[in-house]
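Listing of data-v3.pdb; format and content: PDB, C-alpha atoms.
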ATOM      1  CA  MET A  14     115.335 147.232 167.230
ATOM      2  CA  SER A  15     117.116 148.330 170.407
ATOM      3  CA  ALA A  16     120.864 147.966 170.764
ATOM      4  CA  HIS A  17     120.236 145.448 173.543
ATOM      5  CA  ASN A  18     118.007 143.233 171.330
ATOM      6  CA  PHE A  19     120.439 143.543 168.432
ATOM      7  CA  GLY A  20     123.249 142.310 170.630
ATOM      8  CA  MET A  21     121.181 139.374 171.859
ATOM      9  CA  ASN A  22     120.201 138.384 168.319
ATOM     10  CA  LEU A  23     123.766 138.686 167.077
ATOM     11  CA  ASP A  24     125.028 136.595 169.985
ATOM     12  CA  ARG A  25     122.348 133.963 169.283
ATOM     13  CA  ALA A  26     123.296 133.887 165.615
ATOM     14  CA  LEU A  27     126.974 133.390 166.422
ATOM     15  CA  ARG A  28     126.302 130.673 168.978
ATOM     16  CA  MET A  29     123.534 128.755 167.189
ATOM     17  CA  GLY A  30     124.477 129.352 163.569
ATOM     18  CA  PHE A  31     121.321 131.210 162.559
ATOM     19  CA  LEU A  32     119.519 134.497 163.097
ATOM     20  CA  LYS A  33     115.966 134.452 164.450
ATOM     21  CA  ILE A  34     113.751 137.002 162.695
ATOM     22  CA  ARG A  35     110.253 138.249 163.451
ATOM     23  CA  ASP A  36     107.045 137.049 161.841
ATOM     24  CA  PRO A  37     105.885 139.816 159.449
ATOM     25  CA  LEU A  38     102.253 138.780 160.082
ATOM     26  CA  ALA A  39      99.467 138.310 157.521
ATOM     27  CA  SER A  40     100.422 139.177 153.910
ATOM     28  CA  GLY A  41     103.839 140.383 155.090
ATOM     29  CA  THR A  42     107.280 139.743 153.620
ATOM     30  CA  PHE A  43     110.074 138.094 155.583
ATOM     31  CA  SER A  44     112.876 140.591 156.075
ATOM     32  CA  TRP A  45     116.450 140.391 157.392
ATOM     33  CA  HIS A  46     119.971 141.340 156.340
ATOM     34  CA  ASN A  47     121.946 138.296 157.449
ATOM     35  CA  GLN A  48     123.414 136.269 154.557
ATOM     36  CA  GLY A  49     123.565 132.977 156.504
ATOM     37  CA  ILE A  50     120.583 131.106 157.948
ATOM     38  CA  ALA A  51     117.441 132.893 159.122
ATOM     39  CA  TYR A  52     114.789 131.273 161.307
ATOM     40  CA  VAL A  53     111.219 132.398 161.920
ATOM     41  CA  GLU A  54     108.218 131.063 163.841
ATOM     42  CA  VAL A  55     104.873 131.884 162.233
ATOM     43  CA  VAL A  56     101.504 132.244 163.943
ATOM     44  CA  THR A  57      98.298 132.488 161.891
ATOM     45  CA  LEU A  58      94.882 133.680 163.039
ATOM     46  CA  THR A  59      93.122 132.488 159.873
ATOM     47  CA  ALA A  60      94.254 131.357 156.416
ATOM     48  CA  GLU A  61      97.177 133.712 155.766
ATOM     49  CA  SER A  62     100.143 134.211 153.465
ATOM     50  CA  ARG A  63     103.760 135.277 153.852
ATOM     51  CA  ALA A  64     106.165 136.245 151.046
ATOM     52  CA  LEU A  65     109.825 135.464 150.562
ATOM     53  CA  PRO A  66     111.947 138.566 149.930
ATOM     54  CA  ALA A  67     113.529 139.188 146.524
ATOM     55  CA  ALA A  68     116.321 136.651 146.147
ATOM     56  CA  THR A  69     118.514 139.170 144.345
ATOM     57  CA  GLY A  70     119.375 140.723 147.693
ATOM     58  CA  PHE A  71     120.876 137.540 149.122
ATOM     59  CA  ALA A  72     123.960 135.502 148.339
ATOM     60  CA  PRO A  73     123.536 131.957 146.940
ATOM     61  CA  GLY A  74     123.384 129.517 149.822
ATOM     62  CA  THR A  75     121.387 131.849 152.087
ATOM     63  CA  LYS A  76     118.679 129.870 153.905
ATOM     64  CA  LEU A  77     115.346 130.617 155.533
ATOM     65  CA  ILE A  78     113.706 128.135 157.918
ATOM     66  CA  VAL A  79     109.971 128.641 158.572
ATOM     67  CA  ASP A  80     108.337 126.829 161.499
ATOM     68  CA  PHE A  81     104.530 126.800 161.727
ATOM     69  CA  LYS A  82     104.141 127.546 165.445
ATOM     70  CA  THR A  83     100.395 128.165 165.801
ATOM     71  CA  ASP A  84      97.847 127.000 163.237
ATOM     72  CA  GLY A  85      94.874 129.337 163.072
ATOM     73  CA  GLY A  86      94.550 128.605 159.361
ATOM     74  CA  ASP A  87      96.669 127.404 156.455
ATOM     75  CA  LEU A  88      99.940 129.264 155.840
ATOM     76  CA  THR A  89     100.824 129.947 152.186
ATOM     77  CA  ILE A  90     104.413 130.983 151.475
ATOM     78  CA  THR A  91     104.892 132.674 148.103
ATOM     79  CA  GLY A  92     107.980 133.630 146.135
ATOM     80  CA  ALA A  93     109.670 130.229 145.667
ATOM     81  CA  SER A  94     110.634 129.017 142.205
ATOM     82  CA  ASN A  95     108.810 125.724 142.837
ATOM     83  CA  GLY A  96     105.490 127.440 143.501
ATOM     84  CA  SER A  97     103.541 128.538 146.551
ATOM     85  CA  GLN A  98     104.197 126.305 149.547
ATOM     86  CA  ILE A  99     101.313 125.560 151.910
ATOM     87  CA  LEU A 100     101.766 124.509 155.538
ATOM     88  CA  ASP A 101      98.545 123.202 157.072
ATOM     89  CA  THR A 102      99.705 121.347 160.181
ATOM     90  CA  VAL A 103     101.009 122.899 163.379
ATOM     91  CA  GLY A 104     104.686 122.078 163.790
ATOM     92  CA  ALA A 105     105.242 121.798 160.030
ATOM     93  CA  ARG A 106     108.475 123.239 158.644
ATOM     94  CA  ALA A 107     109.668 124.557 155.290
ATOM     95  CA  GLU A 108     113.261 125.361 154.357
ATOM     96  CA  PHE A 109     114.234 127.631 151.472
ATOM     97  CA  GLN A 110     117.607 128.395 149.926
ATOM     98  CA  VAL A 111     118.839 130.947 147.409
ATOM     99  CA  VAL A 112     120.222 129.232 144.306
ATOM    100  CA  ASP A 113     121.752 130.657 141.144
ATOM    101  CA  VAL A 114     119.985 129.481 137.987
ATOM    102  CA  ASN A 115     121.753 130.662 134.836
ATOM    103  CA  GLY A 116     122.808 133.860 136.551
ATOM    104  CA  THR A 117     119.465 134.552 138.192
ATOM    105  CA  ARG A 118     119.063 134.146 141.944
ATOM    106  CA  THR A 119     115.878 132.486 143.140
ATOM    107  CA  TRP A 120     114.403 130.897 146.249
ATOM    108  CA  LYS A 121     113.858 127.133 146.139
ATOM    109  CA  ARG A 122     112.318 124.895 148.755
ATOM    110  CA  THR A 123     114.949 122.325 149.663
ATOM    111  CA  ASP A 124     113.574 120.238 152.526
ATOM    112  CA  VAL A 125     111.708 116.953 152.260
ATOM    113  CA  PRO A 126     108.883 116.993 154.827
ATOM    114  CA  LEU A 127     109.017 113.991 157.169
ATOM    115  CA  GLY A 128     105.691 112.934 158.629
ATOM    116  CA  GLU A 129     104.109 116.044 157.168
ATOM    117  CA  ARG A 130     101.918 116.949 154.220
ATOM    118  CA  LEU A 131     103.596 118.770 151.356
ATOM    119  CA  ARG A 132     101.147 121.094 149.623
ATOM    120  CA  GLN A 133     102.053 123.354 146.735
ATOM    121  CA  SER A 134     100.229 125.454 144.167
ATOM    122  CA  SER A 135     101.128 127.085 140.869
ATOM    123  CA  THR A 136      99.667 129.875 138.747
ATOM    124  CA  ALA A 137     101.588 128.758 135.647
ATOM    125  CA  THR A 138      99.521 128.860 132.450
ATOM    126  CA  SER A 139     101.936 126.898 130.267
ATOM    127  CA  GLY A 140     104.812 124.467 130.513
ATOM    128  CA  ALA A 141     105.215 121.445 132.786
ATOM    129  CA  VAL A 142     104.809 121.862 136.554
ATOM    130  CA  GLU A 143     105.912 119.114 138.947
ATOM    131  CA  GLY A 144     105.118 119.161 142.653
ATOM    132  CA  ILE A 145     107.917 116.634 143.171
ATOM    133  CA  TYR A 146     110.235 115.386 140.427
ATOM    134  CA  THR A 147     112.656 112.583 141.196
ATOM    135  CA  ARG A 148     114.832 110.844 138.616
ATOM    136  CA  LEU A 149     117.259 107.969 139.081
ATOM    137  CA  ALA A 150     119.882 107.035 136.476
ATOM    138  CA  PHE A 151     121.978 103.857 136.501
ATOM    139  CA  GLU A 152     125.399 104.703 135.051
ATOM    140  CA  ALA A 153     127.394 101.471 135.500
ATOM    141  CA  ASP A 154     126.981  97.842 134.436
ATOM    142  CA  GLY A 155     126.302  95.396 137.238
ATOM    143  CA  SER A 156     123.525  93.765 139.228
ATOM    144  CA  ALA A 157     122.222  96.856 141.013
ATOM    145  CA  SER A 158     118.494  97.399 141.425
ATOM    146  CA  GLY A 159     116.540 100.400 142.534
ATOM    147  CA  SER A 160     113.492 102.625 142.274
ATOM    148  CA  ALA A 161     113.184 106.319 141.521
ATOM    149  CA  LEU A 162     110.418 106.390 144.120
ATOM    150  CA  ARG A 163     109.650 103.790 146.786
ATOM    151  CA  ALA A 164     106.669 103.957 149.129
ATOM    152  CA  PHE A 165     106.232 101.386 151.904
ATOM    153  CA  THR A 166     103.668 101.388 154.706
ATOM    154  CA  ASN A 167     104.051  99.103 157.722
ATOM    155  CA  VAL A 168     100.989  98.282 159.838
ATOM    156  CA  ASN A 169     102.258  97.343 163.292
ATOM    157  CA  ALA A 170      98.996  97.791 165.206
ATOM    158  CA  ASN A 171      95.249  97.393 164.731
ATOM    159  CA  ILE A 172      94.146 100.360 162.625
ATOM    160  CA  GLY A 173      91.375 101.356 160.234
ATOM    161  CA  THR A 174      92.662 101.877 156.692
ATOM    162  CA  ALA A 175      96.170 101.543 155.242
ATOM    163  CA  ARG A 176      97.526 102.144 151.761
ATOM    164  CA  GLY A 177     100.999 101.751 150.375
ATOM    165  CA  ALA A 178     100.299 104.796 148.237
ATOM    166  CA  HIS A 179      97.191 106.770 147.328
ATOM    167  CA  ILE A 180      97.247 108.939 144.209
ATOM    168  CA  SER A 181      94.287 111.102 143.251
ATOM    169  CA  LEU A 182      93.288 113.431 140.432
ATOM    170  CA  SER A 183      90.574 115.890 141.471
ATOM    171  CA  PHE A 184      88.658 118.677 139.753
ATOM    172  CA  GLU A 185      87.226 121.845 141.250
ATOM    173  CA  ALA A 186      83.431 121.814 141.482
ATOM    174  CA  SER A 187      83.129 124.770 139.132
ATOM    175  CA  ALA A 188      81.023 124.580 135.973
ATOM    176  CA  GLY A 189      83.161 125.039 132.890
ATOM    177  CA  GLY A 190      86.237 126.010 134.878
ATOM    178  CA  SER A 191      88.226 122.886 135.698
ATOM    179  CA  GLU A 192      88.273 120.625 132.659
ATOM    180  CA  THR A 193      91.344 119.073 131.060
ATOM    181  CA  SER A 194      91.526 119.627 127.322
ATOM    182  CA  GLY A 195      93.757 116.577 126.953
ATOM    183  CA  LEU A 196      94.486 113.528 129.064
ATOM    184  CA  GLY A 197      93.415 113.294 132.693
ATOM    185  CA  THR A 198      94.581 110.281 134.690
ATOM    186  CA  ALA A 199      95.158 109.615 138.373
ATOM    187  CA  LEU A 200      98.048 107.274 137.631
ATOM    188  CA  THR A 201     100.158 106.728 134.523
ATOM    189  CA  GLY A 202     102.696 103.947 134.140
ATOM    190  CA  THR A 203     104.855 104.261 131.030
ATOM    191  CA  LEU A 204     107.258 101.600 129.821
ATOM    192  CA  HIS A 205     109.677 103.110 127.294
ATOM    193  CA  ILE A 206     110.969 100.994 124.418
ATOM    194  CA  PRO A 207     114.198 102.654 123.206
ATOM    195  CA  ASN A 208     114.493 103.855 119.626
ATOM    196  CA  VAL A 209     117.320 101.530 118.614
ATOM    197  CA  ALA A 210     117.007  98.577 116.249
ATOM    198  CA  SER A 211     119.845  96.618 117.862
ATOM    199  CA  TRP A 212     118.286  96.599 121.333
ATOM    200  CA  ALA A 213     117.908  92.966 122.405
ATOM    201  CA  PRO A 214     116.103  92.693 125.763
ATOM    202  CA  THR A 215     116.285  89.327 127.523
ATOM    203  CA  GLY A 216     114.328  89.946 130.725
ATOM    204  CA  THR A 217     110.658  90.542 131.467
ATOM    205  CA  LEU A 218     109.063  93.926 130.990
ATOM    206  CA  TYR A 219     105.751  95.233 132.338
ATOM    207  CA  ALA A 220     104.197  98.648 132.009
ATOM    208  CA  GLY A 221     102.593  97.885 135.355
ATOM    209  CA  GLN A 222     102.350  94.972 137.762
ATOM    210  CA  PHE A 223     100.009  94.154 140.612
ATOM    211  CA  GLU A 224     100.671  91.243 142.898
ATOM    212  CA  ILE A 225      99.639  89.601 146.128
ATOM    213  CA  PHE A 226     102.845  88.552 147.858
ATOM    214  CA  SER A 227     102.764  85.831 150.527
ATOM    215  CA  ASP A 228     105.524  86.317 153.095
ATOM    216  CA  GLY A 229     105.690  82.660 154.156
ATOM    217  CA  THR A 230     104.052  79.240 154.471
ATOM    218  CA  ALA A 231     101.598  80.556 157.047
ATOM    219  CA  SER A 232     100.271  83.261 154.738
ATOM    220  CA  ASP A 233      96.547  82.478 154.710
ATOM    221  CA  PRO A 234      93.945  85.152 153.867
ATOM    222  CA  ALA A 235      90.999  82.999 154.962
ATOM    223  CA  GLY A 236      88.485  85.138 156.822
ATOM    224  CA  LEU A 237      88.803  88.203 154.645
ATOM    225  CA  THR A 238      85.596  89.616 153.230
ATOM    226  CA  GLU A 239      87.219  89.814 149.820
ATOM    227  CA  LEU A 240      90.662  89.352 148.276
ATOM    228  CA  ALA A 241      91.616  90.243 144.714
ATOM    229  CA  VAL A 242      94.696  91.149 142.714
ATOM    230  CA  LEU A 243      92.822  94.055 141.158
ATOM    231  CA  CYS A 244      89.665  95.892 142.202
ATOM    232  CA  LEU A 245      87.845  97.965 139.598
ATOM    233  CA  ALA A 246      85.348 100.071 141.514
ATOM    234  CA  ASN A 247      82.677 102.618 140.666
ATOM    235  CA  SER A 248      82.282 104.353 144.017
ATOM    236  CA  GLY A 249      81.351 107.625 145.668
ATOM    237  CA  ASN A 250      77.907 109.224 145.707
ATOM    238  CA  ALA A 251      75.294 106.580 144.861
ATOM    239  CA  THR A 252      73.399 108.796 142.404
ATOM    240  CA  GLY A 253      76.577 109.945 140.697
ATOM    241  CA  ALA A 254      77.915 106.384 140.544
ATOM    242  CA  ALA A 255      74.689 105.257 138.888
ATOM    243  CA  ASP A 256      75.135 107.934 136.201
ATOM    244  CA  VAL A 257      78.765 106.937 135.720
ATOM    245  CA  ASP A 258      77.663 103.304 135.388
ATOM    246  CA  THR A 259      75.656 104.195 132.267
ATOM    247  CA  ASP A 260      78.678 105.793 130.560
ATOM    248  CA  ALA A 261      81.845 104.124 131.834
ATOM    249  CA  ALA A 262      83.492 100.985 130.466
ATOM    250  CA  ILE A 263      85.320  98.475 132.662
ATOM    251  CA  ILE A 264      88.388  98.493 130.404
ATOM    252  CA  ALA A 265      89.303 100.706 127.451
ATOM    253  CA  ILE A 266      91.877  99.215 125.088
ATOM    254  CA  THR A 267      93.545 101.380 122.441
ATOM    255  CA  GLY A 268      96.350 100.835 119.965
ATOM    256  CA  PHE A 269      95.778  97.085 119.546
ATOM    257  CA  THR A 270      94.070  95.433 116.554
ATOM    258  CA  PRO A 271      90.894  93.581 117.626
ATOM    259  CA  ALA A 272      90.066  90.107 116.347
ATOM    260  CA  ALA A 273      88.402  90.237 112.947
ATOM    261  CA  ASP A 274      85.584  87.912 113.990
ATOM    262  CA  LEU A 275      84.115  89.611 117.061
ATOM    263  CA  THR A 276      81.338  87.018 117.345
ATOM    264  CA  LYS A 277      83.859  84.566 118.781
ATOM    265  CA  ALA A 278      84.120  86.782 121.842
ATOM    266  CA  ILE A 279      80.401  87.479 122.249
ATOM    267  CA  THR A 280      78.092  84.491 122.420
ATOM    268  CA  THR A 281      75.042  83.156 124.248
ATOM    269  CA  ALA A 282      75.833  79.548 123.380
ATOM    270  CA  ALA A 283      76.176  77.057 126.219
ATOM    271  CA  LEU A 284      79.766  76.201 127.030
ATOM    272  CA  ALA A 285      79.121  72.465 126.860
ATOM    273  CA  GLU A 286      82.743  71.472 126.348
ATOM    274  CA  LEU A 287      83.975  73.150 129.507
ATOM    275  CA  ALA A 288      84.468  71.258 132.742
ATOM    276  CA  THR A 289      82.394  71.695 135.890
ATOM    277  CA  PRO A 290      81.350  75.328 136.388
ATOM    278  CA  GLY A 291      83.789  77.144 138.570
ATOM    279  CA  ALA A 292      86.760  74.992 137.588
ATOM    280  CA  VAL A 293      87.865  76.719 134.383
ATOM    281  CA  GLY A 294      88.724  80.319 133.592
ATOM    282  CA  LEU A 295      89.858  83.462 135.344
ATOM    283  CA  LYS A 296      87.625  84.231 138.318
ATOM    284  CA  ILE A 297      86.207  87.716 138.592
ATOM    285  CA  LYS A 298      83.554  89.137 140.888
ATOM    286  CA  ILE A 299      80.870  91.538 139.724
ATOM    287  CA  ALA A 300      78.454  92.982 142.287
ATOM    288  CA  GLY A 301      79.350  90.166 144.688
ATOM    289  CA  VAL A 302      78.712  87.349 142.185
ATOM    290  CA  ASN A 303      81.529  85.103 140.908
ATOM    291  CA  TYR A 304      82.050  84.805 137.140
ATOM    292  CA  ARG A 305      84.654  83.043 134.993
ATOM    293  CA  ILE A 306      86.454  84.301 131.892
ATOM    294  CA  PRO A 307      87.685  81.288 129.884
ATOM    295  CA  ALA A 308      91.068  81.660 128.225
ATOM    296  CA  VAL A 309      91.165  79.697 124.955
ATOM    297  CA  PRO A 310      94.402  78.954 123.017
ATOM    298  CA  ASP A 311      94.413  80.360 119.497
ATOM    299  CA  ALA A 312      94.835  76.865 118.068
ATOM    300  CA  GLU A 313      91.560  75.697 119.610
ATOM    301  CA  TRP A 314      89.354  78.206 117.823
ATOM    302  CA  ASN A 315      87.265  76.674 115.038
TER     303      ASN A 315
END
Any chance you could give the structure as structure tokens?
Amino acid sequence: MSAHNFGMNLDRALRMGFLKIRDPLASGTFSWHNQGIAYVEVVTLTAESRALPAATGFAPGTKLIVDFKTDGGDLTITGASNGSQILDTVGARAEFQVVDVNGTRTWKRTDVPLGERLRQSSTATSGAVEGIYTRLAFEADGSASGSALRAFTNVNANIGTARGAHISLSFEASAGGSETSGLGTALTGTLHIPNVASWAPTGTLYAGQFEIFSDGTASDPAGLTELAVLCLANSGNATGAADVDTDAAIIAITGFTPAADLTKAITTAALAELATPGAVGLKIKIAGVNYRIPAVPDAEWN
């Protein structure tokens, strides 16, 4: 670096609060000696990686800001304690900071991407790995309410598809190389009952809840092709879905004792005592056809 360029960079750092460093190019390691905030613009020609320098050489609080200037392929940034960080959209940004964890300095990604996709990867072979872990604790009595995670999508124009949240579990198409030896689930909702005999709850508890909420008196879904509180779908490739159909159950219930007399739940007898068809029971739709599931009070069973 020439004395002239060094002076310009130093002046920029003093005026703007950070030092701009050069892109080390494919498979390179970011390098600088400033202990404050470093900034770099990265250009990729294909899928490439960059490495964070050893955190031991930097003081806690040192920051690195990476801007994805030109996207010729995904950018993978390695060396962070929370796994490899992947930028796949031009203009995306990642911010890293040196933190001291039990006497060991390490790089940690600290930004929350806004309007961007956060992609991470891990080569861990044991232990728990979280892409994002957020935890909220209420520490004072009162009437406060809150959520550890809240997702809300507003549709303010005519669009194609909208979801409040979409959570997926996917497996690599590799024979014998991507199975889970234990549980695999796209979404888990766990309601914890505390281990204390004197606990006396007075409210309403659900492990999960689905609802259709009408905003006002004019809320009228007439005209929709279909409306349901819950959709249980077997979708995807038609051939694969047909194979799944031969093996999958609609609902799997575990941990509850079934009724001793199962014949009360399975019958071909005519339901002569029920009112006009379509007027009694919980309506469900299977393959476009409406069905009813009668709910019978325990006292009415013979």
task = Give me the residues within 9 Å of A:Ala68 as a PyMOL selection string, counting all atoms listed in the file and dropping any in the same chain fewer than 2 places off.
result = chain A and resi 65-66+70-73+92+111-112+117-120
key: Close residues, stretch 224-240 of chain A itself excluded, 10 Å, all atoms listed in the file, min 4 positions apart in chain, as a PyMOL selection string   = chain A and resi 244+298+301
task = Step by step, work through what the PyMOL selection byres ((chain A and resi 42-54) around 9) selects in the shown file, and finish by giving those residues as an NGL selection string.
result = :A and (26 or 30-41 or 55-56 or 63-66 or 70-83 or 110)
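Atom pair atom CA of A:Asn95 / atom CA of A:Ala137 has a distance of 10.6 Å (rounded to one decimal).
Interatomic distance, atom CA of A:Leu245 to atom CA of A:Ile263: 7.4 Å.
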message = Please compute the atom CA of A:Thr57-atom CA of A:Gly85 distance, one decimal, in Å.
response =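 Separation of atom CA of A:Thr57 and atom CA of A:Gly85: 4.8 Å.
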At a cut-off of 12 Å, using all atoms listed in the file, what residues contact stretch 147-162 of chain A? Leave out same-chain residues fewer than 3 positions from it and give the result as a compact mmCIF listing (two decimals) with C-alpha atoms, in the frame of the given file.
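Generated output (result-v4.txt):
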# COMPACT_ATOMS: atom_id res chain seq x y z
CA VAL A 125 111.71 116.95 152.26
CA GLU A 143 105.91 119.11 138.95
CA GLY A 144 105.12 119.16 142.65
CA PHE A 165 106.23 101.39 151.90
CA ALA A 178 100.30 104.80 148.24
Evaluate the PyMOL selection byres ((chain A and resi 218) around 12) and report residues as a PyMOL selection string = chain A and resi 203-206+214-217+219-222
ask   = When distances are computed from all atoms listed in the file, which of A:Lys296, A:Arg305, A:Arg122, A:Arg176 shows the smallest separation from A:Ala93?
value =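 Of the candidates, the smallest distance to A:Ala93 is held by A:Arg122.
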